[in-house]
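Everything below belongs to start.cif, which stores mmCIF, C-alpha atoms.
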data_data
#
loop_
_atom_site.group_PDB
_atom_site.id
_atom_site.type_symbol
_atom_site.label_atom_id
_atom_site.label_comp_id
_atom_site.auth_asym_id
_atom_site.auth_seq_id
_atom_site.Cartn_x
_atom_site.Cartn_y
_atom_site.Cartn_z
ATOM 1 C CA MET A 1 -24.552 89.976 3.842
ATOM 2 C CA SER A 2 -26.298 86.810 4.897
ATOM 3 C CA THR A 3 -27.830 85.103 7.857
ATOM 4 C CA THR A 4 -26.926 81.560 8.743
ATOM 5 C CA VAL A 5 -29.657 79.558 10.370
ATOM 6 C CA THR A 6 -28.260 76.570 12.220
ATOM 7 C CA SER A 7 -30.103 73.508 13.352
ATOM 8 C CA GLU A 8 -31.107 73.205 16.977
ATOM 9 C CA HIS A 9 -32.462 70.311 18.991
ATOM 10 C CA GLY A 10 -31.789 67.877 16.185
ATOM 11 C CA HIS A 11 -33.969 69.493 13.569
ATOM 12 C CA PRO A 12 -33.369 72.398 11.250
ATOM 13 C CA ALA A 13 -34.415 75.819 12.461
ATOM 14 C CA VAL A 14 -37.088 77.503 10.407
ATOM 15 C CA ALA A 15 -35.689 80.266 8.227
ATOM 16 C CA TRP A 16 -37.723 83.438 7.906
ATOM 17 C CA PRO A 17 -37.446 85.746 4.943
ATOM 18 C CA PRO A 18 -35.862 89.153 5.605
ATOM 19 C CA ASP A 19 -38.739 91.557 5.767
ATOM 20 C CA ALA A 20 -39.027 94.783 3.779
ATOM 21 C CA GLN A 21 -40.216 96.654 6.886
ATOM 22 C CA TYR A 22 -38.399 94.936 9.739
ATOM 23 C CA GLY A 23 -35.214 93.975 7.917
ATOM 24 C CA SER A 24 -33.383 91.082 9.495
ATOM 25 C CA ALA A 25 -34.859 91.584 12.940
ATOM 26 C CA THR A 26 -35.953 88.154 14.105
ATOM 27 C CA PRO A 27 -39.529 87.420 15.194
ATOM 28 C CA GLY A 28 -38.074 86.875 18.658
ATOM 29 C CA LYS A 29 -36.667 90.388 18.694
ATOM 30 C CA ILE A 30 -39.917 91.946 17.487
ATOM 31 C CA GLY A 31 -41.798 89.918 20.091
ATOM 32 C CA MET A 32 -39.438 91.091 22.822
ATOM 33 C CA TRP A 33 -39.919 94.708 21.761
ATOM 34 C CA ILE A 34 -43.713 94.306 21.902
ATOM 35 C CA PHE A 35 -43.410 92.783 25.381
ATOM 36 C CA LEU A 36 -41.156 95.622 26.510
ATOM 37 C CA LEU A 37 -43.600 98.189 25.144
ATOM 38 C CA SER A 38 -46.430 96.677 27.172
ATOM 39 C CA ASP A 39 -44.161 96.665 30.219
ATOM 40 C CA ALA A 40 -43.270 100.298 29.579
ATOM 41 C CA PHE A 41 -46.974 101.150 29.708
ATOM 42 C CA SER A 42 -47.199 99.493 33.134
ATOM 43 C CA PHE A 43 -44.354 101.623 34.428
ATOM 44 C CA GLY A 44 -45.806 104.682 32.701
ATOM 45 C CA ALA A 45 -49.137 104.098 34.436
ATOM 46 C CA LEU A 46 -47.427 103.808 37.824
ATOM 47 C CA LEU A 47 -45.416 106.985 37.319
ATOM 48 C CA ILE A 48 -48.466 108.906 36.097
ATOM 49 C CA ALA A 49 -50.432 107.627 39.114
ATOM 50 C CA GLU A 50 -47.646 108.936 41.324
ATOM 51 C CA GLY A 51 -47.899 112.317 39.581
ATOM 52 C CA ILE A 52 -51.677 112.464 40.074
ATOM 53 C CA LEU A 53 -51.340 111.650 43.775
ATOM 54 C CA TYR A 54 -48.489 114.144 44.166
ATOM 55 C CA ALA A 55 -50.534 116.913 42.552
ATOM 56 C CA GLY A 56 -53.927 116.215 44.069
ATOM 57 C CA HIS A 57 -53.549 114.383 47.358
ATOM 58 C CA LYS A 58 -53.034 116.396 50.536
ATOM 59 C CA PRO A 59 -51.067 115.550 52.526
ATOM 60 C CA TRP A 60 -48.629 113.932 50.107
ATOM 61 C CA ARG A 61 -46.337 112.840 52.948
ATOM 62 C CA GLN A 62 -46.236 112.523 56.715
ATOM 63 C CA PRO A 63 -43.952 115.045 58.453
ATOM 64 C CA SER A 64 -42.101 112.252 60.231
ATOM 65 C CA GLU A 65 -41.108 110.476 57.025
ATOM 66 C CA PRO A 66 -37.388 110.368 56.194
ATOM 67 C CA GLU A 67 -35.770 111.846 53.105
ATOM 68 C CA LEU A 68 -34.753 109.425 50.383
ATOM 69 C CA GLY A 69 -31.048 108.685 50.081
ATOM 70 C CA ILE A 70 -30.330 110.251 46.715
ATOM 71 C CA GLY A 71 -26.568 109.793 46.938
ATOM 72 C CA PHE A 72 -26.902 106.111 47.731
ATOM 73 C CA THR A 73 -29.434 105.648 44.922
ATOM 74 C CA ALA A 74 -27.092 107.436 42.525
ATOM 75 C CA VAL A 75 -24.511 104.745 43.295
ATOM 76 C CA LEU A 76 -27.120 102.072 42.517
ATOM 77 C CA THR A 77 -27.883 103.931 39.288
ATOM 78 C CA PHE A 78 -24.196 103.842 38.392
ATOM 79 C CA ILE A 79 -24.088 100.083 39.037
ATOM 80 C CA LEU A 80 -27.103 99.551 36.791
ATOM 81 C CA LEU A 81 -25.485 101.640 34.043
ATOM 82 C CA CYS A 82 -22.340 99.511 34.356
ATOM 83 C CA THR A 83 -24.388 96.332 33.915
ATOM 84 C CA SER A 84 -26.012 97.677 30.758
ATOM 85 C CA LEU A 85 -22.519 98.237 29.367
ATOM 86 C CA THR A 86 -21.232 94.793 30.363
ATOM 87 C CA ASN A 87 -24.380 93.231 28.955
ATOM 88 C CA VAL A 88 -24.063 94.788 25.530
ATOM 89 C CA LEU A 89 -20.319 94.031 25.486
ATOM 90 C CA ALA A 90 -21.179 90.413 26.298
ATOM 91 C CA TRP A 91 -23.392 90.323 23.222
ATOM 92 C CA ALA A 92 -20.639 91.887 21.076
ATOM 93 C CA ALA A 93 -18.143 89.319 22.372
ATOM 94 C CA ALA A 94 -20.558 86.467 21.659
ATOM 95 C CA ALA A 95 -21.246 87.816 18.163
ATOM 96 C CA ASP A 96 -17.475 87.861 17.558
ATOM 97 C CA GLY A 97 -17.071 84.324 18.841
ATOM 98 C CA ARG A 98 -15.167 85.360 21.993
ATOM 99 C CA ARG A 99 -17.095 82.902 24.106
ATOM 100 C CA LYS A 100 -15.064 83.064 27.306
ATOM 101 C CA GLN A 101 -15.206 86.848 27.435
ATOM 102 C CA ALA A 102 -18.916 86.812 26.687
ATOM 103 C CA ALA A 103 -19.547 84.396 29.565
ATOM 104 C CA GLN A 104 -17.417 86.494 31.941
ATOM 105 C CA LEU A 105 -19.264 89.666 31.016
ATOM 106 C CA LEU A 106 -22.628 87.981 31.475
ATOM 107 C CA ALA A 107 -21.523 86.804 34.924
ATOM 108 C CA ILE A 108 -20.422 90.349 35.820
ATOM 109 C CA THR A 109 -23.789 91.648 34.631
ATOM 110 C CA ALA A 110 -25.628 89.178 36.860
ATOM 111 C CA LEU A 111 -23.381 90.114 39.773
ATOM 112 C CA GLY A 112 -24.106 93.804 39.209
ATOM 113 C CA GLY A 113 -27.831 93.079 39.194
ATOM 114 C CA ALA A 114 -27.477 91.164 42.457
ATOM 115 C CA VAL A 115 -25.550 94.059 44.009
ATOM 116 C CA PHE A 116 -28.332 96.416 42.938
ATOM 117 C CA LEU A 117 -30.878 94.175 44.663
ATOM 118 C CA VAL A 118 -28.791 94.074 47.842
ATOM 119 C CA GLY A 119 -28.644 97.870 47.703
ATOM 120 C CA GLN A 120 -32.394 98.101 47.343
ATOM 121 C CA PHE A 121 -32.846 95.678 50.235
ATOM 122 C CA GLN A 122 -30.584 97.901 52.311
ATOM 123 C CA GLU A 123 -32.584 100.941 51.307
ATOM 124 C CA TRP A 124 -35.897 99.349 52.296
ATOM 125 C CA PHE A 125 -35.114 97.165 55.282
ATOM 126 C CA GLY A 126 -31.538 97.985 56.262
ATOM 127 C CA ILE A 127 -28.532 95.661 56.461
ATOM 128 C CA TRP A 128 -25.552 97.754 57.580
ATOM 129 C CA ALA A 129 -27.629 100.839 58.363
ATOM 130 C CA PRO A 130 -31.308 101.468 59.193
ATOM 131 C CA GLY A 131 -33.629 101.146 56.216
ATOM 132 C CA LEU A 132 -36.422 103.496 55.213
ATOM 133 C CA LEU A 133 -39.005 101.208 56.776
ATOM 134 C CA HIS A 134 -37.391 101.549 60.197
ATOM 135 C CA GLU A 135 -36.948 105.272 59.731
ATOM 136 C CA GLY A 136 -40.677 105.778 59.272
ATOM 137 C CA LEU A 137 -41.446 105.441 55.583
ATOM 138 C CA VAL A 138 -44.229 102.892 56.013
ATOM 139 C CA PHE A 139 -46.334 101.518 53.180
ATOM 140 C CA GLY A 140 -49.916 102.753 53.403
ATOM 141 C CA GLN A 141 -49.212 105.717 55.677
ATOM 142 C CA SER A 142 -48.962 108.267 52.890
ATOM 143 C CA PRO A 143 -49.255 108.427 49.089
ATOM 144 C CA ARG A 144 -45.521 109.147 48.981
ATOM 145 C CA ALA A 145 -44.639 105.983 50.887
ATOM 146 C CA SER A 146 -47.065 103.762 48.965
ATOM 147 C CA THR A 147 -46.014 104.947 45.523
ATOM 148 C CA PHE A 148 -42.356 104.691 46.506
ATOM 149 C CA TYR A 149 -42.642 101.040 47.525
ATOM 150 C CA VAL A 150 -44.928 100.047 44.653
ATOM 151 C CA ILE A 151 -42.768 101.635 41.937
ATOM 152 C CA THR A 152 -39.345 100.675 43.259
ATOM 153 C CA GLY A 153 -40.677 97.227 44.214
ATOM 154 C CA TYR A 154 -42.082 96.654 40.741
ATOM 155 C CA HIS A 155 -38.752 97.670 39.268
ATOM 156 C CA GLY A 156 -36.898 95.485 41.766
ATOM 157 C CA LEU A 157 -38.954 92.499 40.641
ATOM 158 C CA HIS A 158 -37.812 93.202 37.105
ATOM 159 C CA VAL A 159 -34.193 93.238 38.271
ATOM 160 C CA LEU A 160 -34.707 89.988 40.180
ATOM 161 C CA PHE A 161 -36.228 88.311 37.131
ATOM 162 C CA GLY A 162 -33.471 89.806 34.987
ATOM 163 C CA VAL A 163 -30.729 88.281 37.150
ATOM 164 C CA ALA A 164 -32.416 84.878 36.871
ATOM 165 C CA TYR A 165 -32.773 85.396 33.118
ATOM 166 C CA ILE A 166 -29.059 86.272 32.789
ATOM 167 C CA LEU A 167 -28.022 83.210 34.776
ATOM 168 C CA ALA A 168 -30.272 80.959 32.677
ATOM 169 C CA ILE A 169 -28.795 82.372 29.471
ATOM 170 C CA LEU A 170 -25.273 82.134 30.878
ATOM 171 C CA PHE A 171 -25.610 78.459 31.769
ATOM 172 C CA GLY A 172 -27.216 77.747 28.404
ATOM 173 C CA TYR A 173 -24.390 79.581 26.667
ATOM 174 C CA LEU A 174 -21.751 77.608 28.551
ATOM 175 C CA ARG A 175 -23.489 74.402 27.441
ATOM 176 C CA GLY A 176 -23.622 75.596 23.846
ATOM 177 C CA ARG A 177 -27.408 75.802 23.730
ATOM 178 C CA VAL A 178 -27.642 79.578 23.500
ATOM 179 C CA THR A 179 -26.580 81.779 20.596
ATOM 180 C CA GLU A 180 -25.752 85.478 20.428
ATOM 181 C CA ARG A 181 -29.298 86.105 19.221
ATOM 182 C CA GLN A 182 -30.694 84.980 22.545
ATOM 183 C CA ILE A 183 -28.055 87.051 24.329
ATOM 184 C CA GLU A 184 -29.235 90.053 22.335
ATOM 185 C CA LEU A 185 -32.836 89.424 23.405
ATOM 186 C CA LEU A 186 -31.641 89.183 27.002
ATOM 187 C CA GLY A 187 -29.816 92.469 26.455
ATOM 188 C CA LEU A 188 -33.019 94.133 25.284
ATOM 189 C CA TYR A 189 -34.749 93.087 28.493
ATOM 190 C CA TRP A 190 -31.869 94.000 30.783
ATOM 191 C CA CYS A 191 -31.261 97.395 29.211
ATOM 192 C CA PHE A 192 -34.995 98.055 29.408
ATOM 193 C CA VAL A 193 -34.670 97.609 33.178
ATOM 194 C CA ASP A 194 -32.040 100.361 33.057
ATOM 195 C CA PHE A 195 -34.185 102.430 30.660
ATOM 196 C CA VAL A 196 -37.061 102.377 33.145
ATOM 197 C CA TRP A 197 -34.796 103.070 36.105
ATOM 198 C CA VAL A 198 -33.723 106.348 34.494
ATOM 199 C CA PHE A 199 -37.305 107.583 34.869
ATOM 200 C CA VAL A 200 -37.847 105.998 38.277
ATOM 201 C CA PHE A 201 -34.707 107.724 39.550
ATOM 202 C CA SER A 202 -35.891 111.073 38.215
ATOM 203 C CA PHE A 203 -39.575 110.896 39.126
ATOM 204 C CA VAL A 204 -39.390 109.081 42.456
ATOM 205 C CA TYR A 205 -36.107 110.389 43.855
ATOM 206 C CA LEU A 206 -34.915 113.567 42.156
ATOM 207 C CA LEU A 207 -37.988 115.597 41.186
ATOM 208 C CA PRO A 208 -39.800 115.350 44.557
ATOM 209 C CA SER A 209 -36.587 116.318 46.333
ATOM 210 C CA LEU A 210 -36.544 119.675 44.525
ATOM 211 C CA SER A 211 -39.457 120.904 46.607
ATOM 212 C CA GLY A 212 -38.496 118.885 49.653
ATOM 213 C CA ALA A 213 -41.515 116.620 49.136
ATOM 214 C CA MET B 1 -27.637 71.712 8.929
ATOM 215 C CA SER B 2 -27.422 75.306 7.897
ATOM 216 C CA LYS B 3 -29.222 77.452 5.397
ATOM 217 C CA LYS B 4 -28.205 80.861 4.180
ATOM 218 C CA ILE B 5 -30.764 83.567 3.691
ATOM 219 C CA PRO B 6 -30.117 87.069 2.448
ATOM 220 C CA ALA B 7 -30.594 90.046 4.737
ATOM 221 C CA ARG B 8 -32.193 92.961 2.913
ATOM 222 C CA GLY B 9 -32.589 95.225 5.880
ATOM 223 C CA PRO B 10 -30.408 96.053 8.838
ATOM 224 C CA SER B 11 -30.513 94.564 12.286
ATOM 225 C CA ALA B 12 -27.881 94.773 14.989
ATOM 226 C CA GLY B 13 -26.771 91.192 14.534
ATOM 227 C CA HIS B 14 -25.881 91.910 10.920
ATOM 228 C CA VAL B 15 -24.157 95.262 11.349
ATOM 229 C CA PRO B 16 -20.432 94.871 12.045
ATOM 230 C CA ALA B 17 -20.308 98.370 13.549
ATOM 231 C CA ALA B 18 -22.689 97.193 16.275
ATOM 232 C CA ARG B 19 -19.937 94.949 17.607
ATOM 233 C CA GLU B 20 -17.439 97.749 18.123
ATOM 234 C CA ARG B 21 -16.864 98.706 21.740
ATOM 235 C CA GLY B 22 -16.151 102.396 21.176
ATOM 236 C CA PRO B 23 -19.722 103.695 20.818
ATOM 237 C CA TYR B 24 -20.846 101.700 23.848
ATOM 238 C CA LEU B 25 -18.066 103.146 25.990
ATOM 239 C CA VAL B 26 -18.813 106.675 24.787
ATOM 240 C CA ALA B 27 -22.521 106.179 25.527
ATOM 241 C CA PHE B 28 -21.602 104.917 28.998
ATOM 242 C CA ALA B 29 -19.423 107.957 29.677
ATOM 243 C CA VAL B 30 -22.210 110.293 28.548
ATOM 244 C CA LEU B 31 -24.764 108.453 30.704
ATOM 245 C CA VAL B 32 -22.534 108.758 33.777
ATOM 246 C CA ALA B 33 -21.885 112.438 33.028
ATOM 247 C CA LEU B 34 -25.612 113.126 32.649
ATOM 248 C CA THR B 35 -26.280 111.375 35.965
ATOM 249 C CA LEU B 36 -23.712 113.626 37.611
ATOM 250 C CA VAL B 37 -25.399 116.656 36.036
ATOM 251 C CA GLU B 38 -28.722 115.448 37.456
ATOM 252 C CA MET B 39 -27.169 115.249 40.900
ATOM 253 C CA GLY B 40 -25.727 118.729 40.426
ATOM 254 C CA VAL B 41 -29.140 120.133 39.500
ATOM 255 C CA VAL B 42 -30.695 118.644 42.628
ATOM 256 C CA LYS B 43 -27.892 119.498 45.037
ATOM 257 C CA SER B 44 -27.009 122.983 43.791
ATOM 258 C CA GLY B 45 -30.189 124.625 45.016
ATOM 259 C CA GLY B 46 -29.494 127.757 43.031
ATOM 260 C CA ILE B 47 -31.517 126.773 39.975
ATOM 261 C CA PRO B 48 -35.113 128.040 39.755
ATOM 262 C CA HIS B 49 -37.589 125.250 40.506
ATOM 263 C CA ARG B 50 -39.257 125.151 37.083
ATOM 264 C CA ALA B 51 -35.942 125.208 35.254
ATOM 265 C CA ALA B 52 -34.688 122.367 37.439
ATOM 266 C CA VAL B 53 -37.821 120.311 36.706
ATOM 267 C CA VAL B 54 -37.470 120.849 32.958
ATOM 268 C CA ALA B 55 -33.748 120.056 33.116
ATOM 269 C CA LEU B 56 -34.265 116.815 35.038
ATOM 270 C CA ILE B 57 -36.987 115.603 32.668
ATOM 271 C CA ALA B 58 -34.907 116.522 29.615
ATOM 272 C CA ILE B 59 -31.839 114.753 31.008
ATOM 273 C CA ALA B 60 -33.847 111.633 31.882
ATOM 274 C CA THR B 61 -35.284 111.568 28.358
ATOM 275 C CA ALA B 62 -31.822 111.976 26.850
ATOM 276 C CA LYS B 63 -30.439 109.153 29.000
ATOM 277 C CA ALA B 64 -33.316 106.851 28.067
ATOM 278 C CA ALA B 65 -32.822 107.674 24.382
ATOM 279 C CA LEU B 66 -29.119 106.827 24.633
ATOM 280 C CA ILE B 67 -29.899 103.481 26.239
ATOM 281 C CA ALA B 68 -32.539 102.637 23.636
ATOM 282 C CA LEU B 69 -30.454 103.726 20.653
ATOM 283 C CA PHE B 70 -27.093 102.273 21.664
ATOM 284 C CA TYR B 71 -27.525 99.540 24.255
ATOM 285 C CA MET B 72 -30.833 98.291 22.871
ATOM 286 C CA HIS B 73 -29.516 98.619 19.299
ATOM 287 C CA LEU B 74 -32.449 100.646 18.064
ATOM 288 C CA ARG B 75 -30.156 102.820 15.961
ATOM 289 C CA TYR B 76 -29.290 99.790 13.829
ATOM 290 C CA GLU B 77 -32.898 98.747 13.191
ATOM 291 C CA THR B 78 -35.157 99.735 10.316
ATOM 292 C CA ARG B 79 -37.190 102.917 10.409
ATOM 293 C CA ILE B 80 -40.403 100.919 10.773
ATOM 294 C CA LEU B 81 -39.115 99.051 13.822
ATOM 295 C CA LYS B 82 -37.969 102.335 15.359
ATOM 296 C CA LEU B 83 -41.433 103.794 14.797
ATOM 297 C CA THR B 84 -43.084 100.638 16.123
ATOM 298 C CA VAL B 85 -41.202 101.096 19.375
ATOM 299 C CA LEU B 86 -41.081 104.865 19.753
ATOM 300 C CA ALA B 87 -44.498 105.989 18.500
ATOM 301 C CA PRO B 88 -46.528 104.231 21.248
ATOM 302 C CA LEU B 89 -44.248 105.720 23.906
ATOM 303 C CA VAL B 90 -45.246 109.228 22.838
ATOM 304 C CA ALA B 91 -48.793 108.845 24.201
ATOM 305 C CA PRO B 92 -47.809 108.205 27.845
ATOM 306 C CA ALA B 93 -45.227 110.974 27.542
ATOM 307 C CA VAL B 94 -47.965 113.383 26.447
ATOM 308 C CA TYR B 95 -50.194 112.219 29.321
ATOM 309 C CA GLY B 96 -47.320 112.813 31.680
ATOM 310 C CA LEU B 97 -46.639 116.278 30.273
ATOM 311 C CA LEU B 98 -50.304 117.260 30.562
ATOM 312 C CA LEU B 99 -50.314 115.982 34.121
ATOM 313 C CA MET B 100 -47.300 118.047 35.038
ATOM 314 C CA LEU B 101 -48.802 121.147 33.417
ATOM 315 C CA ASP B 102 -51.998 120.520 35.377
ATOM 316 C CA ALA B 103 -50.018 120.136 38.589
ATOM 317 C CA ALA B 104 -48.087 123.315 37.883
ATOM 318 C CA TRP B 105 -51.316 125.201 37.168
ATOM 319 C CA ARG B 106 -52.861 124.034 40.439
ATOM 320 C CA HIS B 107 -49.695 124.993 42.253
ATOM 321 C CA MET B 108 -49.910 128.527 40.866
ATOM 322 C CA ARG B 109 -53.582 129.006 41.840
#
So, in terms of structure tokens, how does the structure I just supplied come out?
Amino acid sequence: MSTTVTSEHGHPAVAWPPDAQYGSATPGKIGMWIFLLSDAFSFGALLIAEGILYAGHKPWRQPSEPELGIGFTAVLTFILLCTSLTNVLAWAAAADGRRKQAAQLLAITALGGAVFLVGQFQEWFGIWAPGLLHEGLVFGQSPRASTFYVITGYHGLHVLFGVAYILAILFGYLRGRVTERQIELLGLYWCFVDFVWVFVFSFVYLLPSLSGA
Amino acid sequence: MSKKIPARGPSAGHVPAARERGPYLVAFAVLVALTLVEMGVVKSGGIPHRAAVVALIAIATAKAALIALFYMHLRYETRILKLTVLAPLVAPAVYGLLLMLDAAWRHMR
């Protein structure tokens, strides 16, 4: 088994020795994992803060606040799961040299991310139906409302950045400036967005709904 | 210009099995099924509250593990890289567990 290091930007790429501990994982991959870990701590802090407020702050919610649309959010969850699949299949296609398929799958992934954002916009502000804001879930009026907007907004920013990241990688790939390694790094980021959403979905939407909170 | 270097340890880019679609599709099907189970736990209403809480947290953890292992290729990485990623995540999980136990204790008082 071997790794081929090709030249980029007119000069040879620097080859790194396979490491006894980290194998053939590139420094870029290890760096991305460290970044994602730090990001995971940010989300962890937000979710723990939500738990502290839920347990200790009375009242947790205003009586007039609407229930969260769990069914609608489950559809958004499904879309995000689909994009994780298309993203990793895009990497596999790129690694196999199926460039056209890889580009198509990356485009589908970006589209799925955009659909998720439209769904979140609908949930907050309303497009085809009233959003939570109009129904009375107002930031600052209760710990429930504030934590909801902060956590889902922070995640939404990650999705927004992820869509831009996918498009940047896609255009670079079409121009031949991006390799499957960079698509794999993109995949780590994008699937992390899904990884975090699993917990956001459970802790912000599902668990509070058990007690009607 | 190209230069060949040997790969002594695994990484997803060097594991042919990582390029096969089958495991990704299976993982996707399991993730969708687990999401449906989550919805069932919430909507059924017949499950005791504590059991439902434990079930939802366990399912979320299982889903996250599937994503990390399959879609983020962690299963193809070296043991050290796995530990580098997973070990620091244990601390916030423990904080979270303690918090939930504290909340449950206050709820019982």
Could you tell me which of A:Gln141, A:Phe43, A:Tyr205, A:Leu81 comes closest to Val30 (chain B) if we count all atoms listed in the file?
A:Leu81
For the provided coordinates, the residues matched by the PyMOL selection byres ((chain A and resi 59) around 12) should be stated as a tab-separated table (two decimals) with C-alpha atoms, in the frame of the given file.
chain	number	residue	atom	x	y	z
A	53	LEU	CA	-51.34	111.65	43.78
A	54	TYR	CA	-48.49	114.14	44.17
A	55	ALA	CA	-50.53	116.91	42.55
A	56	GLY	CA	-53.93	116.22	44.07
A	57	HIS	CA	-53.55	114.38	47.36
A	58	LYS	CA	-53.03	116.40	50.54
A	60	TRP	CA	-48.63	113.93	50.11
A	61	ARG	CA	-46.34	112.84	52.95
A	62	GLN	CA	-46.24	112.52	56.72
A	63	PRO	CA	-43.95	115.04	58.45
A	141	GLN	CA	-49.21	105.72	55.68
A	142	SER	CA	-48.96	108.27	52.89
A	143	PRO	CA	-49.26	108.43	49.09
A	144	ARG	CA	-45.52	109.15	48.98
A	145	ALA	CA	-44.64	105.98	50.89
A	213	ALA	CA	-41.52	116.62	49.14
Within 12 Å of Ala18 (chain B) using only C-alpha atoms, minus same-chain residues under 4 positions, as a PDB file with C-alpha atoms, keeping the file's coordinate frame:
ATOM      1  CA  VAL A  88     -24.063  94.788  25.530  1.00  0.00           C
ATOM      2  CA  LEU A  89     -20.319  94.031  25.486  1.00  0.00           C
ATOM      3  CA  TRP A  91     -23.392  90.323  23.222  1.00  0.00           C
ATOM      4  CA  ALA A  92     -20.639  91.887  21.076  1.00  0.00           C
ATOM      5  CA  ALA A  93     -18.143  89.319  22.372  1.00  0.00           C
ATOM      6  CA  ALA A  95     -21.246  87.816  18.163  1.00  0.00           C
ATOM      7  CA  ASP A  96     -17.475  87.861  17.558  1.00  0.00           C
ATOM      8  CA  GLU A 184     -29.235  90.053  22.335  1.00  0.00           C
TER       9      GLU A 184
ATOM     10  CA  PRO B  10     -30.408  96.053   8.838  1.00  0.00           C
ATOM     11  CA  SER B  11     -30.513  94.564  12.286  1.00  0.00           C
ATOM     12  CA  ALA B  12     -27.881  94.773  14.989  1.00  0.00           C
ATOM     13  CA  GLY B  13     -26.771  91.192  14.534  1.00  0.00           C
ATOM     14  CA  HIS B  14     -25.881  91.910  10.920  1.00  0.00           C
ATOM     15  CA  GLY B  22     -16.151 102.396  21.176  1.00  0.00           C
ATOM     16  CA  PRO B  23     -19.722 103.695  20.818  1.00  0.00           C
ATOM     17  CA  TYR B  24     -20.846 101.700  23.848  1.00  0.00           C
ATOM     18  CA  LEU B  69     -30.454 103.726  20.653  1.00  0.00           C
ATOM     19  CA  PHE B  70     -27.093 102.273  21.664  1.00  0.00           C
ATOM     20  CA  TYR B  71     -27.525  99.540  24.255  1.00  0.00           C
ATOM     21  CA  MET B  72     -30.833  98.291  22.871  1.00  0.00           C
ATOM     22  CA  HIS B  73     -29.516  98.619  19.299  1.00  0.00           C
ATOM     23  CA  LEU B  74     -32.449 100.646  18.064  1.00  0.00           C
ATOM     24  CA  ARG B  75     -30.156 102.820  15.961  1.00  0.00           C
ATOM     25  CA  TYR B  76     -29.290  99.790  13.829  1.00  0.00           C
ATOM     26  CA  GLU B  77     -32.898  98.747  13.191  1.00  0.00           C
TER      27      GLU B  77
END
Using all atoms listed in the file and a cutoff of 10 Å, can you tell me which residues are near (-40.4, 95.8, 36.4) in the file's coordinates, and write them out as a list in words?
Leu36, Asp39, Ala40, Ser42, Phe43, Ile151, Thr152, Gly153, Tyr154, His155, Gly156, Leu157, His158, Val159, Leu160, Phe161, Gly162, Phe192, Val193, Val196 and Trp197 of chain A
Since I can't run it myself right now, could you work out what the PyMOL selection byres ((chain A) within 8 of (chain B)) selects here and report it as a PyMOL selection string?
chain A and resi 1-7+12+15+17-25+33-34+37+40-41+44-45+48+51-52+55-56+74+78+81-82+84-85+88-89+92-93+95-96+181+187-188+191-192+194-196+198-199+202+206-207+209-211
Counting only C-alpha atoms, which residue out of A:Ser38, A:Pro66, A:Ile79, A:Phe139 sits closest to Val118 (chain A)?
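When distances to Val118 (chain A) are compared using only C-alpha atoms, the smallest one comes from A:Ile79.
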Tell me, in Å to one decimal, how far CA of Lys100 (chain A) is from CA of Ala114 (chain A).
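These atoms are spaced 21.2 Å apart.
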Once 6 Å is added on each side, what are the centre and the three edge lengths, in Å to one decimal, of the axis-aligned box enclosing the listed atoms of region 89-102 of chain A? Present them as JSON.
{"center_x": -19.2, "center_y": 88.5, "center_z": 22.5, "size_x": 20.3, "size_y": 23.1, "size_z": 21.9}
With all atoms listed in the file as the atoms that count, which of A:Phe72, A:Tyr189, A:Pro208, A:Val138 lies nearest to Lys29 (chain A)?
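Under the stated criterion, the closest residue is A:Tyr189.
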Hey, can you check how far CA of Gly119 (chain A) sits from CA of Leu185 (chain A)?
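Interatomic distance, CA of Gly119 (chain A) to CA of Leu185 (chain A): 26.1 Å.
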Can you measure CA of Pro27 (chain A) to CA of Leu186 (chain A) for me? One decimal in Å is fine.
14.3 Å
